[in-house]
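Participant: Below is the file run_22.txt, with compact mmCIF, C-alpha atoms.
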```txt
# COMPACT_ATOMS: atom_id res chain seq x y z
CA MET A 1 21.98 18.48 21.95
CA SER A 2 21.64 15.45 19.73
CA GLN A 3 19.86 15.88 16.43
CA MET A 4 17.77 12.84 17.33
CA SER A 5 16.33 14.64 20.34
CA ILE A 6 13.80 16.61 18.27
CA PRO A 7 10.94 14.27 17.38
CA ASN A 8 9.23 14.08 14.01
CA PHE A 9 5.93 13.53 15.81
CA PRO A 10 4.21 15.29 17.36
CA ASN A 11 5.32 18.60 15.92
CA VAL A 12 4.15 21.87 14.41
CA SER A 13 3.61 23.31 10.93
CA LEU A 14 1.98 26.34 9.31
CA VAL A 15 -0.40 25.18 6.60
CA ALA A 16 -2.98 26.51 4.18
CA PHE A 17 -6.35 25.01 3.17
CA TYR A 18 -6.56 22.49 6.03
CA GLU A 19 -10.34 22.04 6.58
CA ASN A 20 -10.64 25.37 4.77
CA LYS A 21 -10.93 25.05 0.99
CA SER A 22 -12.90 27.02 -1.55
CA PRO A 23 -15.51 25.07 -3.56
CA GLU A 24 -13.29 25.51 -6.63
CA LEU A 25 -10.24 23.99 -4.93
CA THR A 26 -12.34 21.15 -3.51
CA GLN A 27 -13.76 20.32 -6.95
CA PHE A 28 -10.31 20.53 -8.54
CA ILE A 29 -8.80 18.06 -6.07
CA GLN A 30 -11.74 15.69 -6.53
CA PHE A 31 -11.35 15.99 -10.32
CA ILE A 32 -7.71 14.90 -10.09
CA GLN A 33 -8.44 12.12 -7.61
CA HIS A 34 -11.18 10.81 -9.92
CA HIS A 35 -8.82 10.64 -12.89
CA LEU A 36 -6.13 8.89 -10.86
CA SER A 37 -8.66 6.39 -9.51
CA THR A 38 -9.74 5.66 -13.09
CA LEU A 39 -6.16 5.26 -14.32
CA LEU A 40 -5.09 3.19 -11.30
CA PRO A 41 -8.28 1.56 -9.97
CA GLU A 42 -6.50 -1.04 -7.84
CA THR A 43 -3.60 1.12 -6.75
CA PHE A 44 -4.49 4.77 -6.12
CA ALA A 45 -6.03 5.73 -2.77
CA SER A 46 -7.30 9.27 -2.26
CA LEU A 47 -6.30 11.08 0.89
CA ASN A 48 -9.05 12.53 3.05
CA LEU A 49 -10.21 15.75 1.42
CA GLU A 50 -10.52 17.60 4.72
CA SER A 51 -6.90 16.84 5.64
CA ILE A 52 -5.32 17.78 2.31
CA HIS A 53 -3.27 20.92 2.81
CA ALA A 54 -0.39 23.00 1.51
CA THR A 55 2.54 23.57 3.85
CA LEU A 56 3.58 27.20 3.90
CA LEU A 57 6.34 26.61 6.44
CA GLY A 58 7.45 23.72 8.60
CA CYS A 59 7.76 25.18 12.10
CA GLU A 60 9.06 22.08 13.83
CA GLY A 61 10.96 22.42 17.07
CA LEU A 62 11.42 21.30 20.66
CA LYS A 63 10.38 23.24 23.75
CA THR A 64 13.34 23.64 26.11
CA GLU A 65 14.16 25.76 29.16
CA PHE A 66 15.78 28.27 26.77
CA GLY A 67 12.87 28.47 24.32
CA VAL A 68 11.70 26.47 21.29
CA LEU A 69 14.73 25.02 19.52
CA SER A 70 14.43 24.99 15.69
CA LYS A 71 14.51 21.46 14.30
CA TRP A 72 15.58 22.51 10.82
CA TYR A 73 18.37 24.85 11.84
CA LEU A 74 19.75 22.02 13.96
CA GLU A 75 19.34 19.28 11.36
CA ARG A 76 19.98 21.24 8.15
CA ARG A 77 22.62 23.74 9.28
CA GLY A 78 23.98 22.26 12.49
CA GLU A 79 23.00 25.41 14.40
CA SER A 80 21.13 25.82 17.69
CA GLN A 81 18.61 28.59 17.04
CA TYR A 82 15.52 29.41 19.06
CA LEU A 83 12.23 30.40 17.43
CA ASP A 84 11.09 33.99 17.90
CA LEU A 85 7.42 33.09 18.17
CA SER A 86 6.22 36.56 19.07
CA GLY A 87 8.17 38.26 16.29
CA PHE A 88 7.04 35.73 13.72
CA LEU A 89 3.36 36.04 14.68
CA ASN A 90 3.53 39.82 14.52
CA TRP A 91 5.18 39.66 11.11
CA MET A 92 2.64 37.17 9.77
CA GLN A 93 -0.18 39.53 10.64
CA HIS A 94 1.26 42.08 8.19
CA PRO A 95 3.33 40.20 5.58
CA GLU A 96 4.01 42.13 2.43
CA LYS A 97 3.44 39.19 0.10
CA LEU A 98 0.03 37.93 1.23
CA PRO A 99 -2.30 36.95 -0.27
CA LEU A 100 -0.44 34.62 -2.60
CA ASN A 101 -2.37 33.85 -5.77
CA ILE A 102 -1.53 30.17 -6.33
CA GLN A 103 -2.24 28.68 -9.75
CA PHE A 104 -2.83 24.93 -9.94
CA GLY A 105 -3.05 23.36 -13.40
CA GLY A 106 -3.13 25.09 -16.75
CA TYR A 107 0.64 25.08 -17.24
CA THR A 108 1.59 24.59 -20.89
CA SER A 109 4.99 23.12 -21.77
CA SER A 110 5.62 25.65 -24.55
CA VAL A 111 5.05 28.71 -22.34
CA ASP A 112 7.85 30.48 -20.46
CA TYR A 113 6.51 31.31 -17.00
CA GLY A 114 9.77 32.91 -15.92
CA PHE A 115 10.47 30.17 -13.37
CA LEU A 116 11.77 26.60 -13.20
CA SER A 117 10.97 24.35 -10.23
CA GLN A 118 14.14 22.51 -9.26
CA GLY A 119 15.36 23.27 -12.78
CA VAL A 120 12.25 21.73 -14.37
CA HIS A 121 9.37 23.38 -16.29
CA PRO A 122 6.18 23.79 -14.19
CA TYR A 123 4.28 21.60 -16.66
CA GLN A 124 6.44 18.62 -15.65
CA ARG A 125 6.30 19.45 -11.96
CA SER A 126 2.55 20.12 -11.80
CA ILE A 127 1.88 16.57 -10.57
CA ASN A 128 4.31 13.79 -9.70
CA VAL A 129 4.65 10.57 -7.76
CA GLN A 130 7.27 10.69 -5.01
CA ASN A 131 7.84 7.83 -2.58
CA GLN A 132 4.37 6.41 -3.35
CA LEU A 133 2.78 9.82 -2.72
CA VAL A 134 0.95 11.75 -5.45
CA VAL A 135 1.96 15.40 -5.10
CA LEU A 136 0.12 18.29 -6.76
CA ARG A 137 2.05 21.55 -7.18
CA GLY A 138 1.15 25.13 -7.92
CA TRP A 139 2.99 28.43 -7.85
CA PRO A 140 2.28 32.07 -7.07
CA VAL A 141 1.44 33.92 -10.27
CA TYR A 142 1.05 37.51 -11.33
CA SER A 143 0.18 38.66 -14.87
CA GLY A 144 0.84 35.20 -16.29
CA LYS A 145 4.29 34.81 -14.74
CA ILE A 146 5.36 32.84 -11.70
CA THR A 147 6.69 35.08 -8.94
CA GLY A 148 9.14 34.09 -6.20
CA ASP A 149 6.85 35.30 -3.44
CA LEU A 150 6.37 31.95 -1.71
CA ASP A 151 10.11 31.34 -1.48
CA TRP A 152 10.49 34.94 -0.25
CA ILE A 153 8.10 34.36 2.66
CA ARG A 154 9.89 31.15 3.60
CA ARG A 155 13.25 32.93 3.42
CA GLU A 156 12.10 35.97 5.41
CA ALA A 157 10.97 33.62 8.19
CA GLN A 158 14.66 33.01 8.88
CA ASN A 159 14.68 36.45 10.51
CA PHE A 160 12.70 34.79 13.30
CA ASN A 161 14.80 31.58 13.25
CA PHE A 162 12.19 29.61 11.32
CA LEU A 163 14.16 27.71 8.67
CA HIS A 164 12.20 26.15 5.81
CA LYS A 165 12.87 22.41 5.67
CA TYR A 166 13.99 22.55 2.03
CA HIS A 167 16.33 25.50 2.46
CA HIS A 168 19.21 23.11 3.07
CA THR A 169 21.75 25.76 2.06
CA PRO A 170 21.55 29.58 2.08
CA ASP A 171 21.09 29.68 -1.70
CA ALA A 172 18.44 26.92 -1.91
CA VAL A 173 15.10 27.90 -3.47
CA ASP A 174 11.69 26.35 -2.79
CA ASN A 175 8.84 28.26 -4.37
CA ASP A 176 6.53 25.24 -4.72
CA CYS A 177 3.07 25.11 -3.18
CA TYR A 178 2.60 21.37 -2.81
CA MET A 179 -0.26 19.17 -1.65
CA ARG A 180 -0.32 15.43 -1.14
CA ILE A 181 -3.58 14.22 -2.64
CA GLY A 182 -3.23 10.44 -2.57
CA THR A 183 -1.00 7.40 -2.27
CA LEU A 184 -0.07 4.37 -4.33
CA GLN A 185 -0.88 1.21 -2.43
CA GLN A 186 1.77 -0.81 -4.22
CA GLU A 187 5.04 -0.07 -5.93
CA LEU A 188 4.72 0.23 -9.70
CA PRO A 189 7.35 -0.07 -12.42
CA ILE A 190 8.97 3.30 -13.06
CA GLU A 191 7.79 3.24 -16.68
CA GLN A 192 4.17 2.92 -15.55
CA VAL A 193 4.60 5.72 -13.02
CA GLN A 194 6.06 8.00 -15.69
CA THR A 195 3.19 7.18 -18.05
CA ILE A 196 0.65 8.10 -15.37
CA GLU A 197 2.52 11.30 -14.59
CA HIS A 198 2.57 12.31 -18.26
CA LYS A 199 -1.16 11.60 -18.67
CA MET A 200 -2.04 13.64 -15.58
CA GLN A 201 0.26 16.51 -16.58
CA GLU A 202 -1.47 16.62 -19.95
CA ILE A 203 -4.91 16.58 -18.32
CA LEU A 204 -3.93 19.45 -16.03
CA SER A 205 -2.43 21.38 -18.91
CA LYS A 206 -5.55 21.15 -21.08
CA ASN A 207 -8.01 22.07 -18.35
CA GLN A 208 -8.61 25.55 -17.02
CA PRO A 209 -6.34 26.41 -14.10
CA ILE A 210 -7.76 27.26 -10.73
CA TYR A 211 -6.48 30.02 -8.50
CA ALA A 212 -6.34 29.40 -4.77
CA PRO A 213 -5.25 32.40 -2.72
CA ILE A 214 -3.23 31.76 0.42
CA ASN A 215 -4.23 34.38 2.95
CA ARG A 216 -4.39 34.89 6.70
CA GLN A 217 -7.93 33.51 6.76
CA ASN A 218 -6.99 30.04 5.46
CA LEU A 219 -3.65 29.67 7.25
CA ALA A 220 -3.43 27.73 10.49
CA PHE A 221 -0.84 26.33 12.86
CA ILE A 222 -1.25 22.62 13.39
CA ARG A 223 0.16 20.14 15.86
CA TYR A 224 0.29 16.85 13.99
CA GLU A 225 1.01 13.24 14.93
CA ASP A 226 0.70 11.80 11.42
CA VAL A 227 1.97 13.16 8.08
CA ASN A 228 -1.54 12.77 6.61
CA LEU A 229 -3.01 15.05 9.30
CA PRO A 230 -6.15 13.08 10.21
CA PRO A 231 -8.53 15.44 12.06
CA GLN A 232 -8.84 13.12 15.06
CA THR A 233 -5.13 13.50 15.95
CA THR A 234 -4.45 17.00 14.61
CA LYS A 235 -4.83 20.16 16.68
CA VAL A 236 -5.61 23.28 14.62
CA ILE A 237 -5.34 26.94 15.60
CA PRO A 238 -6.13 29.50 12.88
CA LEU A 239 -3.43 32.10 12.28
CA THR A 240 -5.97 34.85 12.89
CA GLU A 241 -6.67 33.53 16.39
CA VAL A 242 -3.40 32.07 17.69
CA THR A 243 -1.52 33.59 20.63
CA VAL A 244 2.16 33.18 21.46
CA SER A 245 1.37 30.96 24.45
CA GLN A 246 -1.00 28.78 22.41
CA LEU A 247 1.64 28.34 19.72
CA GLU A 248 4.34 27.52 22.26
CA ASN A 249 2.09 24.92 23.87
CA LEU A 250 1.79 23.03 20.57
CA TYR A 251 5.45 22.02 20.74
CA PRO A 252 6.78 18.78 22.22
CA CYS A 253 9.13 19.04 25.16
```
Now, as a test, write the supplied structure out as structure tokens.

Facilitator:
Amino acid sequence: MSQMSIPNFPNVSLVAFYENKSPELTQFIQFIQHHLSTLLPETFASLNLESIHATLLGCEGLKTEFGVLSKWYLERRGESQYLDLSGFLNWMQHPEKLPLNIQFGGYTSSVDYGFLSQGVHPYQRSINVQNQLVVLRGWPVYSGKITGDLDWIRREAQNFNFLHKYHHTPDAVDNDCYMRIGTLQQELPIEQVQTIEHKMQEILSKNQPIYAPINRQNLAFIRYEDVNLPPQTTKVIPLTEVTVSQLENLYPC
């Protein structure tokens, strides 16, 4: 089967916080969006608060006569693997590592958190601009240290043939909890982008962190037709309510 046969849209993902944010997380996102709008009044555009989410695991695939074919095993590893939907749902009801206590903000450059994100200190990775998107990142923490629990969940999902998009190779690590919070409406010089990043990283560092637990109550499977997940084109089924047949029916065929 050709790699091009699995569409990008529509497809399926497992996300946290979609339409389901604590007041603290909502205020934190608005706080960051406000600062960016002040720094870049003609350029920064906030994404819809309701649609902002953190992807726990991309579950993309294609429904075939043999089952749901994993997009990422096919495209990242060149393997034809079929998703074990029933096994994965059963496992997600009793995962050892949930809830994840995600810390956003409050990362100080001089502190060793016991973890580097893509080889970079969390302070520098806490907020960045990538391909005109402003990305906020947090990590699971315990007793002041970053744990590898998010990467562990993504890796364990391979037991059910769900391959995390950024696990390109067996030894790849992705422990980042990332949320797109806005876009740049025009391309800026790299020096200006870096200046904005540094200002925002410093703002996040000096303010109190917030802690946003990822748990079964705020996780949901979504069928999306747009990367920004507008509610009008996004179908949402909470993890606590989804059945195998409902999940299977989200997939394109």

Participant: What does the distance from CA of Asn101 (chain A) to CA of Asn215 (chain A) come to in Å, to one decimal?

Facilitator: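 We find that CA of Asn101 (chain A) and CA of Asn215 (chain A) lie 8.9 Å from each other.
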
Participant: Restricting the calculation to all atoms listed in the file: of A:Phe17, A:Phe44, A:Tyr82, A:Tyr123, which residue gets closest to Leu163 (chain A)?

Facilitator: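 The answer is A:Tyr82, which sits nearest to Leu163 (chain A).
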
Participant: For a quick check of understanding, using all atoms listed in the file, which of A:Lys235, A:Arg76, A:Arg137, A:Arg155 has the smallest distance to Gly105 (chain A)?

Facilitator: A:Arg137

Participant: Counting all atoms listed in the file, which residue out of A:Asn159, A:Gln132, A:Thr43, A:Ser117 sits closest to Leu83 (chain A)?

Facilitator: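 Ranked by minimum distance to Leu83 (chain A), first place goes to A:Asn159.
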
Participant: Which of these, A:Gly61, A:Pro23, A:Gly78, A:Gly144, has the shortest distance to Asn8 (chain A) once you count only C-alpha atoms?

Facilitator: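 For Asn8 (chain A), the nearest of the candidates is A:Gly61.
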
Participant: List the neighbours of region 219-223 of chain A out to 9 Å using all atoms listed in the file; skip same-chain residues closer than 5 positions along the sequence, and give me the result as a compact mmCIF listing (two decimals) with C-alpha atoms, in the frame of the given file.

Facilitator:
```txt
# COMPACT_ATOMS: atom_id res chain seq x y z
CA PHE A 9 5.93 13.53 15.81
CA PRO A 10 4.21 15.29 17.36
CA ASN A 11 5.32 18.60 15.92
CA VAL A 12 4.15 21.87 14.41
CA SER A 13 3.61 23.31 10.93
CA LEU A 14 1.98 26.34 9.31
CA VAL A 15 -0.40 25.18 6.60
CA ALA A 16 -2.98 26.51 4.18
CA PHE A 17 -6.35 25.01 3.17
CA TYR A 18 -6.56 22.49 6.03
CA ASN A 20 -10.64 25.37 4.77
CA LEU A 56 3.58 27.20 3.90
CA CYS A 59 7.76 25.18 12.10
CA ILE A 214 -3.23 31.76 0.42
CA LEU A 229 -3.01 15.05 9.30
CA THR A 233 -5.13 13.50 15.95
CA THR A 234 -4.45 17.00 14.61
CA LYS A 235 -4.83 20.16 16.68
CA VAL A 236 -5.61 23.28 14.62
CA ILE A 237 -5.34 26.94 15.60
CA PRO A 238 -6.13 29.50 12.88
CA LEU A 239 -3.43 32.10 12.28
CA THR A 240 -5.97 34.85 12.89
CA GLU A 241 -6.67 33.53 16.39
CA VAL A 242 -3.40 32.07 17.69
CA LEU A 247 1.64 28.34 19.72
CA LEU A 250 1.79 23.03 20.57
CA TYR A 251 5.45 22.02 20.74
```

Participant: Just to confirm, what's the straight-line distance from CA of Thr243 (chain A) to CA of Arg216 (chain A) in Å (one decimal)?

Facilitator: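 If I compute the distance from CA of Thr243 (chain A) to CA of Arg216 (chain A), I get 14.3 Å.
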
Participant: When you look at Gln33 (chain A) with a cut-off of 10 Å (counting all atoms listed in the file), what residues show up, excluding the ones that are within fewer than 2 positions of it in the same chain? I need them as an NGL selection string.

Facilitator: :A and (27-31 or 35-39 or 44-47 or 49 or 134 or 181-182)

Participant: Which residues are close to Gly106 (chain A), i.e. within 10 Å by all atoms listed in the file, leaving aside same-chain residues fewer than 3 positions away? Reply as an NGL selection string.

Facilitator: :A and (103 or 109 or 122-123 or 126 or 138 or 201-210)

Participant: In the coordinates of the file, take the point (-0.3, 19.5, 3.0) and a cut-off of 7 Å; then, counting all atoms listed in the file, name each qualifying protein, DNA or RNA residue as an NGL selection string.

Facilitator: :A and (15 or 52-55 or 178-180)

Participant: Which residue is closest to His198 (chain A)? Choose from A:Pro140, A:Arg125, A:Gln217, A:Tyr73 and count all atoms listed in the file.

Facilitator: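 Closest to His198 (chain A), using all atoms listed in the file: A:Arg125.
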
Participant: Please compute the CA of Lys199 (chain A)-CA of Pro41 (chain A) distance, one decimal, in Å.

Facilitator: 15.1 Å

Participant: Excluding region 94-96 of chain A and residues on its chain fewer than 2 positions from it, collect all residues at most 12 Å away from it, counting all atoms listed in the file, and give them as a list in words.

Facilitator: Gly87, Phe88, Leu89, Asn90, Trp91, Met92, Leu98, Pro99, Leu100, Asp149, Leu150, Trp152, Ile153, Arg154, Glu156, Ala157, Ile214, Asn215, Arg216, Leu239 and Thr240 of chain A

Participant: Under the rule that all atoms listed in the file are counted, which of A:Asp84, A:Tyr224, A:Pro230, A:Glu187 is the nearest residue to Leu133 (chain A)?

Facilitator: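 Between A:Asp84, A:Tyr224, A:Pro230, A:Glu187, the residue approaching Leu133 (chain A) most closely is A:Glu187.
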
Participant: Name the residues, using the chain letters and numbers of the file, that sit within 10 Å of (11.8, 19.0, 19.0) when counting all atoms listed in the file, and give them as a PyMOL selection string.

Facilitator: chain A and resi 3-12+60-64+68-72+74+251-253
